[in-house]
Each structure stands twice: as C-alpha cells, then as structure tokens.
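Undergrad: Here you go, work_35.cif (mmCIF, C-alpha atoms and all ligand atoms):
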data_input
loop_
_atom_site.group_PDB
_atom_site.id
_atom_site.type_symbol
_atom_site.label_atom_id
_atom_site.label_comp_id
_atom_site.auth_asym_id
_atom_site.auth_seq_id
_atom_site.Cartn_x
_atom_site.Cartn_y
_atom_site.Cartn_z
ATOM 1 C CA MET O 1 0.000 0.000 0.000
ATOM 2 C CA THR O 2 1.308 3.458 -0.843
ATOM 3 C CA VAL O 3 1.089 6.418 1.535
ATOM 4 C CA TRP O 4 -1.583 7.877 -0.737
ATOM 5 C CA GLU O 5 -3.616 4.674 -0.521
ATOM 6 C CA ALA O 6 -3.291 4.661 3.268
ATOM 7 C CA ILE O 7 -4.496 8.271 3.397
ATOM 8 C CA GLN O 8 -7.523 7.351 1.323
ATOM 9 C CA GLN O 9 -8.159 4.162 3.275
ATOM 10 C CA ARG O 10 -7.974 5.687 6.783
ATOM 11 C CA HIS O 11 -11.316 6.630 8.229
ATOM 12 C CA SER O 12 -12.822 6.696 11.694
ATOM 13 C CA VAL O 13 -13.715 3.167 12.757
ATOM 14 C CA ARG O 14 -16.280 2.950 15.540
ATOM 15 C CA ARG O 15 -17.024 -0.784 15.406
ATOM 16 C CA TYR O 16 -14.384 -3.469 15.687
ATOM 17 C CA GLN O 17 -14.207 -7.212 15.063
ATOM 18 C CA ASP O 18 -13.766 -9.451 18.079
ATOM 19 C CA LYS O 19 -10.242 -10.289 16.972
ATOM 20 C CA PRO O 20 -7.013 -9.412 18.750
ATOM 21 C CA VAL O 21 -4.311 -7.296 17.134
ATOM 22 C CA GLU O 22 -1.138 -9.292 16.517
ATOM 23 C CA PRO O 23 1.712 -8.077 18.794
ATOM 24 C CA GLU O 24 4.045 -7.592 15.808
ATOM 25 C CA LYS O 25 1.483 -5.342 14.129
ATOM 26 C CA LEU O 26 1.099 -3.329 17.312
ATOM 27 C CA ASP O 27 4.893 -3.032 17.543
ATOM 28 C CA GLN O 28 5.000 -1.687 14.000
ATOM 29 C CA LEU O 29 2.417 0.967 14.841
ATOM 30 C CA LEU O 30 4.380 2.081 17.867
ATOM 31 C CA GLU O 31 7.541 2.173 15.780
ATOM 32 C CA ALA O 32 5.736 4.392 13.264
ATOM 33 C CA ALA O 33 4.943 6.739 16.143
ATOM 34 C CA ARG O 34 8.509 6.654 17.438
ATOM 35 C CA LEU O 35 9.866 7.755 14.065
ATOM 36 C CA ALA O 36 7.566 10.782 13.794
ATOM 37 C CA PRO O 37 9.038 14.281 13.621
ATOM 38 C CA SER O 38 8.750 16.642 16.578
ATOM 39 C CA ALA O 39 9.701 20.229 17.339
ATOM 40 C CA GLY O 40 13.415 20.317 18.161
ATOM 41 C CA ASN O 41 13.204 16.506 18.210
ATOM 42 C CA ARG O 42 11.760 16.830 21.729
ATOM 43 C CA GLN O 43 9.727 13.593 21.411
ATOM 44 C CA GLU O 44 7.381 14.598 24.243
ATOM 45 C CA TRP O 45 5.069 11.691 23.394
ATOM 46 C CA ARG O 46 4.426 8.785 25.718
ATOM 47 C CA PHE O 47 1.949 6.022 24.895
ATOM 48 C CA VAL O 48 0.010 3.857 27.313
ATOM 49 C CA VAL O 49 -1.183 0.801 25.397
ATOM 50 C CA GLY O 50 -4.332 -0.655 26.924
ATOM 51 C CA THR O 51 -5.462 -4.173 26.070
ATOM 52 C CA ASP O 52 -6.973 -5.280 29.382
ATOM 53 C CA ALA O 53 -10.721 -5.788 28.916
ATOM 54 C CA ASP O 54 -11.647 -4.482 32.368
ATOM 55 C CA MET O 55 -9.581 -1.344 31.907
ATOM 56 C CA ARG O 56 -11.043 -0.708 28.442
ATOM 57 C CA GLN O 57 -14.530 -1.105 29.862
ATOM 58 C CA LYS O 58 -13.793 1.531 32.519
ATOM 59 C CA LEU O 59 -12.345 3.806 29.856
ATOM 60 C CA ILE O 60 -15.785 4.068 28.221
ATOM 61 C CA ALA O 61 -17.102 6.230 31.065
ATOM 62 C CA ALA O 62 -13.982 8.394 30.939
ATOM 63 C CA ALA O 63 -14.518 8.795 27.180
ATOM 64 C CA ASN O 64 -17.949 10.385 27.596
ATOM 65 C CA GLY O 65 -19.702 7.033 27.235
ATOM 66 C CA GLN O 66 -18.313 6.289 23.767
ATOM 67 C CA SER O 67 -18.705 2.503 23.861
ATOM 68 C CA PHE O 68 -16.461 1.785 20.878
ATOM 69 C CA VAL O 69 -13.521 2.913 22.993
ATOM 70 C CA GLY O 70 -14.052 -0.192 25.146
ATOM 71 C CA GLN O 71 -15.060 -2.425 22.265
ATOM 72 C CA ALA O 72 -11.745 -1.986 20.431
ATOM 73 C CA PRO O 73 -9.182 -4.639 21.428
ATOM 74 C CA VAL O 74 -6.478 -1.992 21.902
ATOM 75 C CA VAL O 75 -6.626 1.598 23.076
ATOM 76 C CA ILE O 76 -3.584 3.807 22.777
ATOM 77 C CA VAL O 77 -3.621 6.616 25.313
ATOM 78 C CA ALA O 78 -1.371 9.285 23.858
ATOM 79 C CA CYS O 79 0.249 11.511 26.456
ATOM 80 C CA ALA O 80 2.720 14.356 26.528
ATOM 81 C CA VAL O 81 5.495 15.125 28.969
ATOM 82 C CA ASP O 82 7.261 18.486 28.789
ATOM 83 C CA ASN O 83 4.087 20.484 28.270
ATOM 84 C CA GLU O 84 5.588 23.946 28.678
ATOM 85 C CA HIS O 85 7.554 24.325 25.485
ATOM 86 C CA VAL O 86 6.213 27.093 23.279
ATOM 87 C CA MET O 87 7.680 27.457 19.809
ATOM 88 C CA PRO O 88 8.722 30.887 18.461
ATOM 89 C CA CYS O 89 5.448 30.901 16.483
ATOM 90 C CA GLY O 90 3.560 30.945 19.797
ATOM 91 C CA GLN O 91 2.180 27.412 19.601
ATOM 92 C CA LEU O 92 2.671 24.773 22.258
ATOM 93 C CA SER O 93 4.743 22.011 20.680
ATOM 94 C CA SER O 94 3.598 18.940 22.629
ATOM 95 C CA PRO O 95 0.019 18.498 21.347
ATOM 96 C CA ILE O 96 1.208 19.050 17.790
ATOM 97 C CA ASP O 97 4.020 16.524 18.161
ATOM 98 C CA VAL O 98 1.768 13.917 19.770
ATOM 99 C CA ALA O 99 -0.825 14.437 17.036
ATOM 100 C CA ILE O 100 1.744 13.848 14.297
ATOM 101 C CA ALA O 101 2.860 10.613 15.965
ATOM 102 C CA LEU O 102 -0.748 9.489 16.318
ATOM 103 C CA GLU O 103 -1.460 10.109 12.657
ATOM 104 C CA HIS O 104 1.624 8.003 11.838
ATOM 105 C CA ILE O 105 -0.084 5.265 13.849
ATOM 106 C CA ALA O 106 -3.392 5.764 12.050
ATOM 107 C CA LEU O 107 -1.807 5.586 8.588
ATOM 108 C CA GLN O 108 0.385 2.587 9.419
ATOM 109 C CA ALA O 109 -2.710 0.898 10.877
ATOM 110 C CA ALA O 110 -4.526 1.481 7.578
ATOM 111 C CA GLU O 111 -1.692 -0.277 5.769
ATOM 112 C CA GLU O 112 -1.998 -3.219 8.156
ATOM 113 C CA GLY O 113 -5.740 -3.539 7.608
ATOM 114 C CA LEU O 114 -6.473 -2.093 11.047
ATOM 115 C CA GLY O 115 -8.935 0.660 11.859
ATOM 116 C CA THR O 116 -8.501 3.537 14.286
ATOM 117 C CA CYS O 117 -10.461 6.484 15.566
ATOM 118 C CA TRP O 118 -9.185 9.693 17.060
ATOM 119 C CA VAL O 119 -10.930 10.354 20.358
ATOM 120 C CA GLY O 120 -10.737 13.783 21.906
ATOM 121 C CA ALA O 121 -13.985 13.600 23.843
ATOM 122 C CA PHE O 122 -12.762 12.321 27.193
ATOM 123 C CA ASP O 123 -12.336 13.443 30.769
ATOM 124 C CA GLU O 124 -8.598 13.847 31.229
ATOM 125 C CA ALA O 125 -8.697 13.582 35.026
ATOM 126 C CA ALA O 126 -10.688 10.339 34.841
ATOM 127 C CA VAL O 127 -8.307 8.812 32.288
ATOM 128 C CA LYS O 128 -5.316 9.821 34.391
ATOM 129 C CA GLU O 129 -6.772 8.322 37.545
ATOM 130 C CA LEU O 130 -7.688 5.071 35.799
ATOM 131 C CA LEU O 131 -4.224 4.581 34.328
ATOM 132 C CA GLY O 132 -2.097 6.077 37.102
ATOM 133 C CA ILE O 133 -0.794 8.854 34.849
ATOM 134 C CA PRO O 134 1.217 11.447 36.808
ATOM 135 C CA GLU O 135 -0.140 14.930 37.482
ATOM 136 C CA THR O 136 2.407 16.692 35.248
ATOM 137 C CA VAL O 137 1.642 14.531 32.214
ATOM 138 C CA ARG O 138 -1.137 15.603 29.830
ATOM 139 C CA VAL O 139 -3.386 13.146 28.029
ATOM 140 C CA ILE O 140 -3.670 14.459 24.470
ATOM 141 C CA GLU O 141 -5.877 11.900 22.691
ATOM 142 C CA LEU O 142 -7.152 8.342 22.878
ATOM 143 C CA MET O 143 -6.886 6.069 19.862
ATOM 144 C CA PRO O 144 -8.853 2.820 19.910
ATOM 145 C CA LEU O 145 -7.744 0.388 17.240
ATOM 146 C CA GLY O 146 -8.555 -3.046 15.905
ATOM 147 C CA TYR O 147 -9.856 -4.854 12.866
ATOM 148 C CA PRO O 148 -12.801 -2.868 11.476
ATOM 149 C CA ALA O 149 -16.284 -4.370 11.541
ATOM 150 C CA THR O 150 -17.577 -1.677 9.176
ATOM 151 C CA THR O 151 -16.523 -0.301 5.821
ATOM 152 C CA ALA O 152 -15.716 3.301 5.004
ATOM 153 C CA GLY O 153 -18.338 5.685 3.696
ATOM 154 C CA PRO O 154 -17.557 8.639 1.438
ATOM 155 C CA LYS O 155 -15.362 11.316 2.978
ATOM 156 C CA SER O 156 -17.120 14.553 3.836
ATOM 157 C CA ARG O 157 -14.654 17.363 3.244
ATOM 158 C CA LEU O 158 -14.569 20.977 2.103
ATOM 159 C CA ASP O 159 -13.568 21.419 -1.520
ATOM 160 C CA ARG O 160 -9.932 22.211 -2.134
ATOM 161 C CA ASP O 161 -10.662 25.709 -3.403
ATOM 162 C CA GLU O 162 -12.376 26.450 -0.069
ATOM 163 C CA ILE O 163 -9.245 25.694 1.908
ATOM 164 C CA VAL O 164 -6.306 26.538 -0.333
ATOM 165 C CA MET O 165 -5.155 30.004 -1.391
ATOM 166 C CA TYR O 166 -2.196 30.706 -3.585
ATOM 167 C CA GLU O 167 0.355 33.456 -3.004
ATOM 168 C CA SER O 168 -1.775 35.478 -0.532
ATOM 169 C CA TRP O 169 -4.891 35.185 1.633
ATOM 170 C CA SER O 170 -7.903 35.724 -0.605
ATOM 171 C CA GLN O 171 -11.635 35.079 -0.337
HETATM 172 C C1 LIG O 201 -8.616 15.613 17.267
HETATM 173 C C2 LIG O 201 -9.776 14.725 16.909
HETATM 174 C C3 LIG O 201 -10.680 14.345 17.899
HETATM 175 C C4 LIG O 201 -11.739 13.491 17.591
HETATM 176 N N1 LIG O 201 -12.568 13.041 18.589
HETATM 177 C C5 LIG O 201 -13.526 12.151 18.301
HETATM 178 C C6 LIG O 201 -14.313 11.590 19.343
HETATM 179 O O1 LIG O 201 -14.152 11.884 20.529
HETATM 180 N N2 LIG O 201 -15.259 10.678 19.002
HETATM 181 C C7 LIG O 201 -15.461 10.274 17.712
HETATM 182 O O2 LIG O 201 -16.331 9.432 17.477
HETATM 183 N N3 LIG O 201 -14.722 10.783 16.699
HETATM 184 C C8 LIG O 201 -13.755 11.700 16.963
HETATM 185 N N4 LIG O 201 -12.956 12.185 15.956
HETATM 186 C C9 LIG O 201 -13.155 11.699 14.581
HETATM 187 C C10 LIG O 201 -13.737 12.757 13.642
HETATM 188 O O3 LIG O 201 -15.117 12.886 13.886
HETATM 189 C C11 LIG O 201 -13.453 12.287 12.204
HETATM 190 O O4 LIG O 201 -12.066 12.211 11.998
HETATM 191 C C12 LIG O 201 -14.047 13.228 11.164
HETATM 192 O O5 LIG O 201 -15.452 13.235 11.242
HETATM 193 C C13 LIG O 201 -13.656 12.807 9.749
HETATM 194 O O6 LIG O 201 -14.049 11.491 9.475
HETATM 195 P P1 LIG O 201 -13.005 10.356 9.077
HETATM 196 O O7 LIG O 201 -12.012 10.228 10.212
HETATM 197 O O8 LIG O 201 -13.826 9.097 8.914
HETATM 198 O O9 LIG O 201 -12.307 10.735 7.805
HETATM 199 C C14 LIG O 201 -11.919 13.045 16.245
HETATM 200 C C15 LIG O 201 -10.998 13.434 15.267
HETATM 201 C C16 LIG O 201 -9.930 14.242 15.595
HETATM 202 C C17 LIG O 201 -8.929 14.577 14.507
#
Can the structure in the file be given as structure tokens, please?
TA:
Amino acid sequence: MTVWEAIQQRHSVRRYQDKPVEPEKLDQLLEAARLAPSAGNRQEWRFVVGTDADMRQKLIAAANGQSFVGQAPVVIVACAVDNEHVMPCGQLSSPIDVAIALEHIALQAAEEGLGTCWVGAFDEAAVKELLGIPETVRVIELMPLGYPATTAGPKSRLDRDEIVMYESWSQ
C-alpha cells in the first residue's frame, strides 16, 4: 500500500471485530509513532497501550460514554510530557508533536488492515486516575484500534478551493 492509498483508506472506525491485534502489528504501529518528527526533536510523546478488557470497559465512562472505545481490542492513550515548550510561532509544541505521531499510527494501521479512531472527547482527570498517569503529564488523545467491523463511507470534506489560497490570503 502506498502512503496515498493509506491516506484514502484511513477513516474513523467505531465498530471493531472481536479479533485481537497481533503483537508484531502493534509493535509496527508504535515504531511508526517513534519515528515521527517533533519540534526540536523533543519527542514529548508517551503512549500507554491498553489491552486489558476491564480497563477498556472503565475507559468508556472516561470517554464520555463512547462505547467503541471499550469495544476496540487496543486503546492507545497518547500523552505528553514536557508540556511547557512554546515554539517561536507561539504554539505549544507537545500536542502538535503527539498528534503527528498518532497520525503516523493511524496511517500505518490502515496499511496493516487495522482501523482507528481519534478520540478527543474524554475526561482527562478520569483517564489519568484510571491509568495512574502522573499529574504533570497531559493526556492528548485516545486512539482505539482493531480490525474494522464496518466499511468506510464517502469522505465529507470541504472542496480544495475552499481551503487553499495561492500566493496570498484571498476570499
Ligand atoms: C482531534 C480529533 C478528535 C476526535 N474526537 C472524536 C471523538 O471523541 N469521538 C469520535 O467518534 N470521533 C472523533 N474524531 C473523529 C472525527 O469525527 C473524524 O475524523 C471526522 O469526522 C472525519 O471522518 P473520518 O475520520 O472518517 O475521515 C476526532 C478526530 C480528531 C482529529
């Protein structure tokens, strides 16, 4: 599969087959994350990989009741250490860096026939308590993953001419 094919293939999967993810596939996803770029190569990302059924069940409540978070055989809890670093452009680097690494995971998962979903609707304090994540660490996103039980629908996106301007900002 090419990168372009993986980009087209990736979509939010909210129903998963009752089939475990092979450890070597999971390793490859985490390696894809490890190789992601980050501001100043700070690599603020840390990943808690949850496979325990009881823990995933409890995570549902922390994820605003989104049941697919517990139904997926694996949930990656993407965290950031070093949350103070602001780039000269004024943006905090850690959420951007963690997001890039997570999208590496999502695209590599697509290549491996796995589905993922970004999950930003969660209660950070509840996730931290459940997983014993230290006070200073931020939870950036959750990413359930597994073999999809659904197929992709058409992508709903703005047209390119609505989002791209050439040479200067223009309406
Ligand atoms: C930062 C972020 C947070 C998201 N949070 C959630 C979420 O909490 N629950 C959910 O079902 N989908 C969530 N999504 C998925 C989006 O709804 C989805 O990516 C978007 O509708 C486009 O659909 P697609 O991923 O199938 O292409 C999130 C996506 C992103 C990028």
Undergrad: What gap, in Å, lies between CA of Leu130 in chain O and CA of Lys19 in chain O?
TA: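 Atom-to-atom, CA of Leu130 in chain O and CA of Lys19 in chain O are spaced 24.4 Å apart.
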Undergrad: Expanded to explicit residues, what is the PyMOL selection byres (((chain O and resi 58-74) around 9) and not hetatm) for this file, as a ChimeraX atom specification?
TA: /O:13-21,26,49-57,75-76,116-117,119-127,130,142-147
Undergrad: Rank nothing, just name the residue among O:Leu158, O:Trp4, O:Gln28, O:Pro23 nearest to Glu112 in chain O, using all atoms listed in the file.
TA: O:Gln28
Undergrad: Hey, which of O:Gln8, O:Thr136, O:Gln43, O:Thr151 ends up closest to Ile100 in chain O? Count all atoms listed in the file.
TA: O:Gln43
Undergrad: Quick check on the file I pasted: which residues fall under the PyMOL selection byres (((chain O and resi 47) around 10) and not hetatm)? Write them as a list of chain:residue names.
TA: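 Taken over the shown coordinates, the PyMOL selection byres (((chain O and resi 47) around 10) and not hetatm) returns O:Leu30, O:Ala33, O:Arg34, O:Trp45, O:Arg46, O:Val48, O:Val49, O:Gly50, O:Val75, O:Ile76, O:Val77, O:Ala78, O:Cys79, O:Ala80, O:Val98, O:Leu102, O:Val139, O:Leu142.
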Undergrad: One decimal, in Å: what's the spacing between CA of Ala110 in chain O and CA of Arg160 in chain O?
TA: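 So the answer is 23.5 Å.
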Undergrad: Quick one: of O:Val137, O:Ile96, O:Ala152, O:Leu35, who's nearest to ligand LIG 201 (chain O), counting only C-alpha atoms and all ligand atoms?
TA: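 Among O:Val137, O:Ile96, O:Ala152, O:Leu35, it is O:Ala152 that comes nearest to ligand LIG 201 (chain O).
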Undergrad: Record the distance separating atom N3 of ligand LIG 201 (chain O) and CA of Ser12 in chain O, expressed in Å with one decimal.
TA: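 According to the coordinates, atom N3 of ligand LIG 201 (chain O) and CA of Ser12 in chain O are separated by 6.7 Å.
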Undergrad: Given only C-alpha atoms as the basis, pick out the residue of O:Glu111, O:Glu5, O:Asp27, O:Glu44 nearest to His85 in chain O.
TA: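 Selected residue with least distance to His85 in chain O: O:Glu44.
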